[in-house]
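Everything below belongs to my_file17.cif, which stores mmCIF, C-alpha atoms.
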```
data_target
#
loop_
_atom_site.label_atom_id
_atom_site.label_comp_id
_atom_site.auth_asym_id
_atom_site.auth_seq_id
_atom_site.Cartn_x
_atom_site.Cartn_y
_atom_site.Cartn_z
CA THR R 866 -12.58 7.14 7.23
CA ILE R 867 -10.36 6.11 4.34
CA ILE R 868 -12.34 4.97 1.32
CA TYR R 869 -10.65 2.67 -1.15
CA SER R 870 -11.47 1.83 -4.74
CA THR R 871 -10.14 -0.98 -6.92
CA ALA R 872 -9.07 0.01 -10.41
CA LYS R 873 -9.24 -2.23 -13.47
CA ASP R 874 -5.62 -3.28 -13.12
CA GLY R 875 -6.26 -4.53 -9.58
CA GLU R 876 -4.43 -1.67 -7.91
CA THR R 877 -6.08 -0.37 -4.74
CA VAL R 878 -6.27 3.42 -4.73
CA LEU R 879 -7.92 6.08 -2.61
CA LEU R 880 -10.93 7.91 -3.88
CA PRO R 881 -10.49 11.60 -4.85
CA GLY R 882 -10.34 13.97 -1.91
CA ASP R 883 -8.37 11.63 0.35
CA TYR R 884 -4.97 12.46 -1.13
CA ILE R 885 -3.55 13.22 2.33
CA TYR R 886 -3.52 9.50 3.07
CA ARG R 887 -1.79 8.51 -0.16
CA TYR R 888 1.71 9.89 0.23
CA THR R 889 4.29 10.36 2.94
CA ASP R 890 6.32 13.55 3.20
CA ASP R 891 9.12 11.95 1.19
CA GLY R 892 6.81 11.09 -1.71
CA ARG R 893 6.29 7.35 -1.15
CA LYS R 894 2.81 5.93 -1.54
CA LEU R 895 1.12 4.42 1.49
CA ALA R 896 -2.16 3.20 0.02
CA SER R 897 -0.65 0.99 -2.64
CA LYS R 898 -1.83 -2.58 -2.39
CA THR R 899 1.62 -3.86 -3.30
CA ARG R 900 3.04 -2.27 -0.15
CA TYR R 901 1.09 -4.36 2.33
CA THR R 902 -0.30 -7.40 0.51
CA SER R 903 1.67 -10.60 -0.01
CA ASP R 904 -0.42 -11.48 -3.07
CA TYR R 905 1.85 -9.35 -5.22
CA TRP R 906 4.99 -11.33 -4.40
CA THR R 907 6.02 -11.22 -8.06
CA SER R 908 6.13 -7.42 -8.00
CA ASN R 909 8.10 -7.46 -4.77
CA LEU R 910 10.57 -9.90 -6.27
CA MET R 911 10.98 -8.00 -9.53
CA SER R 912 11.54 -4.72 -7.70
CA LEU R 913 14.45 -6.15 -5.71
CA TRP R 914 17.03 -4.24 -7.73
CA ARG R 915 15.24 -0.96 -7.09
CA SER R 916 14.68 -1.50 -3.37
CA ARG R 917 16.17 0.93 -0.92
CA VAL R 918 17.77 -1.81 1.18
CA PHE R 919 19.48 -3.38 -1.83
CA ARG R 920 20.89 -0.07 -3.04
CA ARG R 921 22.29 0.74 0.38
CA ILE R 922 24.03 -2.62 0.83
CA LEU R 923 25.18 -2.84 -2.80
CA PRO R 924 28.75 -1.48 -2.24
CA HIS R 925 29.40 -3.91 0.61
CA LEU R 926 27.71 -6.77 -1.24
CA ARG R 927 29.66 -6.06 -4.43
CA PHE R 928 32.97 -6.12 -2.58
CA ASN R 929 32.18 -9.45 -0.91
CA VAL R 930 31.09 -11.03 -4.18
CA ILE R 931 34.29 -9.88 -5.91
CA VAL R 932 36.34 -11.45 -3.11
CA CYS R 933 34.31 -14.62 -3.47
CA CYS R 934 35.01 -14.68 -7.21
CA PHE R 935 38.75 -14.53 -6.59
CA ILE R 936 38.51 -17.32 -4.03
CA ALA R 937 36.45 -19.46 -6.41
CA ALA R 938 38.94 -18.85 -9.22
CA ALA R 939 41.79 -19.83 -6.92
CA TYR R 940 40.12 -23.15 -6.11
CA VAL R 941 39.54 -23.80 -9.81
CA VAL R 942 43.24 -23.30 -10.55
CA PHE R 943 44.45 -24.98 -7.36
CA PRO R 944 41.80 -27.55 -6.40
CA ASP R 945 44.00 -28.99 -3.65
CA MET R 946 44.02 -25.76 -1.65
CA PRO R 947 42.97 -26.28 1.98
CA HIS R 948 39.61 -25.05 3.17
CA LEU R 949 38.22 -24.07 6.55
CA GLU R 950 36.09 -26.37 8.65
CA GLY R 951 32.55 -25.11 9.09
CA VAL R 952 32.41 -25.60 12.85
CA VAL R 953 33.64 -22.10 13.64
CA HIS R 954 31.12 -20.43 11.34
CA VAL R 955 28.29 -22.62 12.61
CA ILE R 956 29.00 -21.63 16.21
CA THR R 957 29.59 -17.94 15.54
CA GLY R 958 26.71 -17.78 13.06
CA SER R 959 24.24 -18.20 15.91
CA PHE R 960 25.73 -15.24 17.76
CA LEU R 961 25.77 -13.20 14.56
CA GLY R 962 22.09 -13.95 14.00
CA LEU R 963 21.26 -12.82 17.53
CA LEU R 964 23.23 -9.58 17.10
CA ILE R 965 21.50 -8.75 13.83
CA ALA R 966 18.09 -9.62 15.30
CA PHE R 967 18.69 -7.43 18.36
CA ARG R 968 19.93 -4.61 16.11
CA THR R 969 16.83 -4.75 13.94
CA ASN R 970 14.53 -5.09 16.96
CA ALA R 971 16.13 -2.04 18.61
CA GLY R 972 15.48 0.00 15.48
CA TYR R 973 11.87 -1.14 15.28
CA GLN R 974 11.26 -0.34 18.95
CA ARG R 975 12.47 3.20 18.32
CA PHE R 976 10.23 3.43 15.25
CA TRP R 977 7.13 2.19 17.07
CA GLU R 978 7.75 4.33 20.15
CA ALA R 979 8.04 7.38 17.88
CA ARG R 980 4.69 6.52 16.31
CA CYS R 981 3.09 6.21 19.76
CA ILE R 982 4.48 9.62 20.72
CA TRP R 983 2.99 11.17 17.62
CA GLU R 984 -0.31 9.48 18.38
CA GLY R 985 -0.26 11.33 21.70
CA VAL R 986 0.36 14.59 19.85
CA GLN R 987 -2.65 13.99 17.62
CA ASN R 988 -4.93 13.04 20.50
CA ARG R 989 -3.91 15.99 22.72
CA CYS R 990 -4.33 18.54 19.94
CA ARG R 991 -7.80 17.22 19.13
CA ASN R 992 -8.91 17.00 22.76
CA LEU R 993 -7.63 20.45 23.60
CA ALA R 994 -9.34 21.98 20.57
CA ARG R 995 -12.58 20.14 21.31
CA THR R 996 -12.66 21.24 24.95
CA PHE R 997 -11.76 24.82 24.16
CA THR R 998 -14.31 25.29 21.38
CA THR R 999 -16.99 23.77 23.61
CA HIS R 1000 -16.44 25.99 26.66
CA VAL R 1001 -15.18 29.29 25.28
CA ALA R 1002 -17.28 31.68 23.22
CA LYS R 1003 -14.85 34.43 22.27
CA ASP R 1004 -14.13 34.02 18.57
CA LYS R 1005 -10.77 35.76 18.55
CA LEU R 1006 -9.47 33.63 21.39
CA VAL R 1007 -10.80 30.41 19.91
CA TYR R 1008 -9.30 31.09 16.48
CA ARG R 1009 -5.93 31.89 17.98
CA VAL R 1010 -5.86 28.71 20.07
CA LEU R 1011 -6.82 26.64 17.02
CA SER R 1012 -4.09 28.27 14.96
CA LEU R 1013 -1.49 27.56 17.64
CA LEU R 1014 -2.60 23.94 17.87
CA SER R 1015 -2.47 23.59 14.09
CA ALA R 1016 1.08 24.97 14.02
CA TYR R 1017 2.33 22.81 16.89
CA PRO R 1018 2.80 19.58 14.85
CA TYR R 1019 4.73 21.44 12.13
CA LEU R 1020 7.01 23.07 14.68
CA LEU R 1021 7.58 19.76 16.45
CA LYS R 1022 8.45 18.10 13.14
CA GLN R 1023 11.00 20.80 12.35
CA HIS R 1024 12.42 20.69 15.86
CA LEU R 1025 13.02 16.94 15.66
CA ARG R 1026 14.64 17.24 12.22
CA GLY R 1027 16.90 20.09 13.26
CA GLU R 1028 15.15 22.57 10.99
CA SER R 1029 13.74 26.05 11.56
CA ASN R 1030 11.46 27.18 8.75
CA LEU R 1031 8.56 29.36 9.83
CA ALA R 1032 7.46 29.71 6.21
CA GLU R 1033 5.71 26.36 6.68
CA VAL R 1034 3.34 27.92 9.23
CA LYS R 1035 3.10 31.47 7.92
CA ASP R 1036 -0.44 30.80 6.65
CA ILE R 1037 -1.48 29.42 10.05
CA LEU R 1038 -0.04 31.80 12.63
CA SER R 1039 -0.50 35.52 13.06
CA GLU R 1040 2.35 37.99 12.59
CA GLU R 1041 2.53 38.44 16.35
CA ASP R 1042 3.02 34.74 16.96
CA MET R 1043 5.50 34.47 14.09
CA ALA R 1044 7.61 37.26 15.57
CA PHE R 1045 7.51 35.61 18.98
CA LEU R 1046 8.63 32.20 17.66
CA GLN R 1047 11.54 33.69 15.71
CA THR R 1048 13.26 34.44 19.00
CA CYS R 1049 12.71 30.97 20.49
CA ASN R 1050 15.17 28.10 20.54
CA ASN R 1051 12.57 25.42 21.27
CA MET R 1052 9.52 26.52 19.32
CA PRO R 1053 7.13 23.68 20.32
CA VAL R 1054 7.69 24.34 24.04
CA SER R 1055 7.38 28.12 23.55
CA LEU R 1056 4.12 27.57 21.71
CA CYS R 1057 2.82 25.52 24.64
CA MET R 1058 3.69 28.43 26.91
CA GLN R 1059 1.56 30.66 24.69
CA LEU R 1060 -1.31 28.23 25.01
CA SER R 1061 -1.02 28.23 28.80
CA SER R 1062 -1.12 32.02 28.91
CA LEU R 1063 -4.28 32.01 26.79
CA LEU R 1064 -5.95 29.59 29.22
CA ARG R 1065 -5.18 31.74 32.26
CA PRO R 1066 -8.50 33.67 32.16
CA ILE R 1067 -10.40 30.39 32.50
CA PHE R 1068 -8.56 29.63 35.74
CA GLN R 1069 -9.46 33.05 37.09
CA TYR R 1070 -13.16 32.42 36.53
CA ARG R 1071 -14.83 31.60 39.85
CA GLY R 1072 -16.77 28.58 38.77
CA GLN R 1073 -15.99 25.09 39.96
CA GLU R 1074 -17.01 23.66 36.60
CA MET R 1075 -14.60 25.97 34.77
CA ILE R 1076 -11.79 25.04 37.17
CA ILE R 1077 -12.28 21.44 36.09
CA VAL R 1078 -12.22 22.51 32.44
CA TRP R 1079 -9.02 24.48 32.97
CA GLU R 1080 -7.36 21.52 34.71
CA SER R 1081 -8.30 19.25 31.81
CA MET R 1082 -6.89 21.61 29.19
CA ASP R 1083 -3.77 22.36 31.20
CA ARG R 1084 -3.17 18.63 31.56
CA ASP R 1085 -3.32 18.27 27.77
CA ILE R 1086 -0.78 21.08 27.36
CA GLN R 1087 1.51 19.40 29.87
CA ARG R 1088 1.34 16.20 27.86
CA LEU R 1089 2.17 18.10 24.68
CA VAL R 1090 5.33 19.30 26.43
CA GLU R 1091 6.02 15.72 27.54
CA CYS R 1092 5.68 14.58 23.93
CA VAL R 1093 8.45 17.02 22.98
CA GLY R 1094 10.75 15.53 25.62
CA ALA R 1095 9.91 11.94 24.68
CA ALA R 1096 10.55 12.63 21.01
CA GLU R 1097 13.81 14.41 21.82
CA ARG R 1098 14.93 11.33 23.71
CA ILE R 1099 14.68 9.27 20.53
CA SER R 1100 16.08 11.85 18.11
CA SER R 1101 19.05 12.74 20.32
CA THR R 1102 19.92 9.23 21.52
CA PRO R 1103 21.06 6.97 18.68
CA VAL R 1104 21.76 3.27 18.98
CA PRO R 1105 25.13 2.91 20.79
CA LEU R 1106 27.95 3.26 18.29
CA SER R 1107 29.98 0.40 19.77
CA TYR R 1108 27.04 -1.98 19.31
CA SER R 1109 26.57 -1.01 15.67
CA ARG R 1110 30.27 -1.13 14.89
CA HIS R 1111 30.78 -4.51 16.55
CA THR R 1112 27.86 -5.98 14.60
CA SER R 1113 29.21 -4.53 11.35
CA ARG R 1114 32.75 -5.81 11.96
CA PHE R 1115 31.49 -9.21 13.04
CA LEU R 1116 29.36 -9.52 9.91
CA SER R 1117 32.17 -8.35 7.61
CA ILE R 1118 34.78 -10.78 8.95
CA TRP R 1119 32.30 -13.65 9.14
CA SER R 1120 31.06 -13.15 5.57
CA LEU R 1121 34.52 -12.61 4.04
CA THR R 1122 35.79 -15.92 5.46
CA LEU R 1123 32.60 -17.83 4.66
CA PRO R 1124 33.65 -18.82 1.08
CA PHE R 1125 36.56 -20.86 2.49
CA CYS R 1126 33.95 -22.97 4.33
CA MET R 1127 31.34 -23.17 1.57
CA VAL R 1128 33.84 -24.27 -1.08
CA CYS R 1129 33.86 -27.80 0.30
CA PHE R 1130 30.07 -28.06 -0.24
CA PHE R 1131 29.72 -26.28 -3.61
CA HIS R 1132 31.46 -26.31 -6.93
CA PRO R 1133 33.53 -23.10 -7.24
CA PHE R 1134 31.15 -21.74 -9.89
CA ALA R 1135 28.07 -22.59 -7.80
CA LEU R 1136 29.72 -21.00 -4.79
CA ILE R 1137 29.30 -17.46 -6.13
CA PRO R 1138 25.45 -17.33 -6.37
CA ALA R 1139 25.01 -19.26 -3.10
CA TYR R 1140 27.39 -16.95 -1.29
CA SER R 1141 25.75 -13.85 -2.82
CA PHE R 1142 22.35 -14.95 -1.51
CA VAL R 1143 23.68 -15.51 2.03
CA CYS R 1144 25.36 -12.09 2.09
CA TRP R 1145 22.28 -10.34 0.70
CA ALA R 1146 20.04 -11.91 3.37
CA LEU R 1147 22.31 -11.03 6.30
CA MET R 1148 23.35 -7.57 5.13
CA GLY R 1149 19.81 -6.65 4.15
CA THR R 1150 18.43 -7.64 7.55
CA GLU R 1151 21.09 -5.58 9.31
CA GLU R 1152 20.41 -2.59 7.04
CA VAL R 1153 16.71 -2.63 7.89
CA GLY R 1154 17.69 -1.78 11.47
CA HIS R 1155 19.69 1.21 10.21
CA LEU R 1156 16.82 2.39 8.01
CA ILE R 1157 14.27 2.63 10.79
CA GLU R 1158 16.46 3.84 13.65
CA GLU R 1159 15.74 7.52 12.82
CA PRO R 1160 11.92 7.51 12.68
CA PHE R 1161 11.58 11.32 12.72
CA GLY R 1162 14.03 11.85 9.88
CA ILE R 1163 17.22 13.88 9.75
CA PRO R 1164 18.08 17.23 8.15
CA SER R 1165 18.89 17.22 4.44
CA LYS R 1166 22.49 18.26 5.00
CA ARG R 1167 23.09 15.05 6.98
CA ARG R 1168 21.54 12.73 4.41
CA ARG R 1169 24.64 12.54 2.26
CA ARG R 1170 27.18 9.90 2.98
CA LYS R 1171 30.85 10.55 3.27
CA GLY R 1172 32.53 10.80 -0.13
CA GLN R 1173 29.37 11.69 -2.05
CA GLN R 1174 29.15 15.42 -1.35
CA GLY R 1175 29.98 16.23 -4.95
CA LYS R 1176 27.04 14.37 -6.42
CA ALA R 1177 23.79 16.08 -7.30
CA GLU R 1178 21.23 16.02 -4.53
CA ASN R 1179 18.57 14.42 -6.69
CA GLN R 1180 20.86 11.45 -7.23
CA ASN R 1181 21.39 10.55 -3.60
CA VAL R 1182 18.56 12.00 -1.49
CA VAL R 1183 16.46 8.83 -1.85
CA GLU R 1184 19.54 6.77 -1.07
CA LYS R 1185 20.22 8.51 2.22
CA ARG R 1186 16.75 8.75 3.67
CA GLY R 1187 15.67 6.22 6.20
CA GLU R 1188 12.24 4.75 6.68
CA ASN R 1189 10.83 7.84 8.35
CA LEU R 1190 7.40 8.40 9.78
CA PRO R 1191 5.21 10.51 7.46
CA LEU R 1192 5.17 13.48 9.84
CA LEU R 1193 3.94 15.94 7.22
CA ARG R 1194 0.94 13.72 6.56
CA TYR R 1195 0.19 13.61 10.29
CA CYS R 1196 0.44 17.41 10.49
CA GLU R 1197 -2.01 17.82 7.62
CA ILE R 1198 -4.46 15.37 9.18
CA ILE R 1199 -4.39 17.29 12.48
CA GLY R 1200 -4.93 20.53 10.55
CA LYS R 1201 -7.96 19.07 8.79
CA ASP R 1202 -9.47 17.89 12.07
CA LEU R 1203 -9.00 21.28 13.72
CA LYS R 1204 -10.58 23.05 10.76
CA GLU R 1205 -13.54 20.73 11.11
CA LEU R 1206 -13.84 21.63 14.80
CA GLN R 1207 -13.69 25.30 13.87
CA ARG R 1208 -16.56 24.86 11.41
CA GLU R 1209 -18.59 23.06 14.07
CA TYR R 1210 -17.83 25.86 16.52
CA GLU R 1211 -19.08 28.46 14.05
CA ALA R 1212 -22.16 26.43 13.19
CA SER R 1213 -23.06 25.81 16.86
CA LYS R 1214 -23.62 29.53 17.44
CA LEU R 1215 -26.25 29.55 14.72
CA LEU R 1216 -28.36 26.76 16.17
CA PRO R 1217 -32.07 27.60 16.71
CA GLU R 1218 -33.49 27.98 20.17
CA ARG R 1219 -34.49 24.84 22.00
CA ASP R 1220 -37.04 24.87 24.79
CA GLY R 1221 -36.85 28.64 24.96
CA LYS R 1222 -33.06 28.65 25.42
CA ALA R 1223 -30.58 29.23 22.66
CA PHE R 1224 -27.33 27.32 22.48
CA GLU R 1225 -24.73 28.96 24.66
CA TYR R 1226 -21.32 28.20 26.09
CA ILE R 1227 -20.40 27.90 29.71
CA THR R 1228 -18.32 31.07 29.48
CA THR R 1229 -19.28 34.31 27.86
CA GLU R 1230 -17.34 36.84 25.88
CA GLN R 1231 -17.41 39.40 28.70
CA GLU R 1232 -15.40 37.11 30.96
CA PHE R 1233 -12.37 37.46 28.72
CA LEU R 1234 -12.52 41.21 28.09
#
```

Write the structure described by the file as structure tokens, please.
Amino acid sequence: TIIYSTAKDGETVLLPGDYIYRYTDDGRKLASKTRYTSDYWTSNLMSLWRSRVFRRILPHLRFNVIVCCFIAAAYVVFPDMPHLEGVVHVITGSFLGLLIAFRTNAGYQRFWEARCIWEGVQNRCRNLARTFTTHVAKDKLVYRVLSLLSAYPYLLKQHLRGESNLAEVKDILSEEDMAFLQTCNNMPVSLCMQLSSLLRPIFQYRGQEMIIVWESMDRDIQRLVECVGAAERISSTPVPLSYSRHTSRFLSIWSLTLPFCMVCFFHPFALIPAYSFVCWALMGTEEVGHLIEEPFGIPSKRRRRKGQQGKAENQNVVEKRGENLPLLRYCEIIGKDLKELQREYEASKLLPERDGKAFEYITTEQEFL
């Protein structure tokens, strides 16, 4: 349960000890009241210039505003210049709005589907650990399964981001498992294979109840493998390039010719702020779709845009990141839950006898020797 506290300045913060829920893996706060509440509209408005969307559309927006300034100046010097009728832009504006809406909706669908996939990862890891610690009594085997389950989210995160850094799980896995994963191309799937091999002795046990337990755990492992495939479908299948390019070209041509239509409704000097607002609204909405279309994140080497390779990384890393899911936070939460199950497993063996029978598991240590 997340416990909140309200500070004197009205900011909602998490109580000490719940720091996992405060930050994403790219350093942004999640528990801030200003992030979710509309009451702080003044803060949202004042932070417009620092927003990620505004900074990403700024080059395009700046170019359009400069063009608009030249057009406005031309109408000041030559007030009798012809202007465009607004019928064309009114008709095509509806299609442009639909394209931008579909583009943003496609990005959000990818974002939400990615979150549902990761929910499945969390649930399967917890269920598998719960079932295993309840029905298996061999400490060495239990600890190894828990360590593999704790490492699985980290390996899946790296796999989806095109990374391979076993140093992130060196404190979780044994040297044997680390050496095995170093030779694997798809580490999450290879780890699931390790889990299946560890569950094999349960299948060999001649008890109908244990066969049911094995089927339940094997089904969870199968779904972990399915989560890898579902996540790969999103990470390896971007929004069609032709769709994105057509929307971008449509928006660029439509917005660059818009001042010739607006000039008949506004004074040339009033045209510039009105036109800037229209471009900011349309370009910002389109950019939101680009921000959330890569929910798992991308490797650092791909975060730089073309023409900015010479800049320092700390100057453009925030600029290039999209609105990614906080996968590191999810990994840490799963790790905390599995550690809690491990403590409960250790405490259950120390329970006093009840009705003449001590607490015991369905299987015994001798079955796995």

(message) Could you check the closest approach to Thr957 (chain R) for each of R:Val1153, R:Ile1118, R:Ile1163, R:Cys934 and tell me which residue wins, using only C-alpha atoms?
(response) R:Ile1118

(message) Using the chain letters and numbers from this file, what does the PyMOL selection byres ((chain R and resi 1041-1058) around 12) select? Give the answer as a count of residues only.
(response) 57

(request) For region 907-923 of chain R, please output as an NGL selection string all residues within 7 Å (counting only C-alpha atoms; exclusion window: fewer than 5 positions along the same chain). (result) :R and (1148-1149 or 1152-1153 or 1184)

(request) Figure out the distance between CA of Arg1026 (chain R) and CA of Ala979 (chain R), please, to one decimal in Å. (result)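 Result for CA of Ala979 (chain R) versus CA of Arg1026 (chain R): 13.1 Å, one decimal.
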
(message) Evaluated on this file, the PyMOL selection byres ((chain R and resi 1121) around 12) picks out some residues - which ones are they, written as a ChimeraX atom specification?
(response) /R:925-936,954,1114-1120,1122-1127,1140-1141,1143-1144

Residues of the last selection are to be written out with C-alpha atoms, as a short mmCIF file (atom, residue, chain, number, x, y, z; two decimals), keeping the file's coordinate frame.
```cif
data_model
loop_
_atom_site.label_atom_id
_atom_site.label_comp_id
_atom_site.auth_asym_id
_atom_site.auth_seq_id
_atom_site.Cartn_x
_atom_site.Cartn_y
_atom_site.Cartn_z
CA HIS R 925 29.40 -3.91 0.61
CA LEU R 926 27.71 -6.77 -1.24
CA ARG R 927 29.66 -6.06 -4.43
CA PHE R 928 32.97 -6.12 -2.58
CA ASN R 929 32.18 -9.45 -0.91
CA VAL R 930 31.09 -11.03 -4.18
CA ILE R 931 34.29 -9.88 -5.91
CA VAL R 932 36.34 -11.45 -3.11
CA CYS R 933 34.31 -14.62 -3.47
CA CYS R 934 35.01 -14.68 -7.21
CA PHE R 935 38.75 -14.53 -6.59
CA ILE R 936 38.51 -17.32 -4.03
CA HIS R 954 31.12 -20.43 11.34
CA ARG R 1114 32.75 -5.81 11.96
CA PHE R 1115 31.49 -9.21 13.04
CA LEU R 1116 29.36 -9.52 9.91
CA SER R 1117 32.17 -8.35 7.61
CA ILE R 1118 34.78 -10.78 8.95
CA TRP R 1119 32.30 -13.65 9.14
CA SER R 1120 31.06 -13.15 5.57
CA THR R 1122 35.79 -15.92 5.46
CA LEU R 1123 32.60 -17.83 4.66
CA PRO R 1124 33.65 -18.82 1.08
CA PHE R 1125 36.56 -20.86 2.49
CA CYS R 1126 33.95 -22.97 4.33
CA MET R 1127 31.34 -23.17 1.57
CA TYR R 1140 27.39 -16.95 -1.29
CA SER R 1141 25.75 -13.85 -2.82
CA VAL R 1143 23.68 -15.51 2.03
CA CYS R 1144 25.36 -12.09 2.09
#
```

(request) Kindly resolve the PyMOL selection byres ((chain R and resi 972) around 9) on the present coordinates and return the residues as a ChimeraX atom specification. (result) /R:967-971,973-977,1104,1153-1160

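Picture a line from CA of Lys1214 (chain R) to CA of Glu1080 (chain R); it runs 25.0 Å.
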
(request) Enter the distance from CA of Asn988 (chain R) to CA of Leu1192 (chain R), in Å, rounded to one decimal. (result) 14.7 Å

(message) Show me, as a list in words, the residues that have an atom within 8 Å of region 944-950 of chain R when counting all atoms listed in the file, minus same-chain residues fewer than 3 positions from it.
(response)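 Here the answer would be Ala939, Tyr940, Val941, Val953, Phe1125, Cys1126, Val1128 and Cys1129 of chain R.
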
(request) Go through R:Cys981, R:Glu1209, R:Ser959, R:Phe1161 one by one, measure the shortest atom-to-atom distance of each to Leu1190 (chain R) using all atoms listed in the file, and give the residue with the smallest value. (result)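 Looking at the shortest contact to Leu1190 (chain R), the residue is R:Phe1161.
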
(message) Please determine, counting all atoms listed in the file, which residue among R:Met1075, R:Trp1145, R:Leu1106, R:Ala937 has the shortest atom-to-atom distance to Pro924 (chain R).
(response)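 The shortest atom-to-atom distance to Pro924 (chain R) comes from R:Trp1145.
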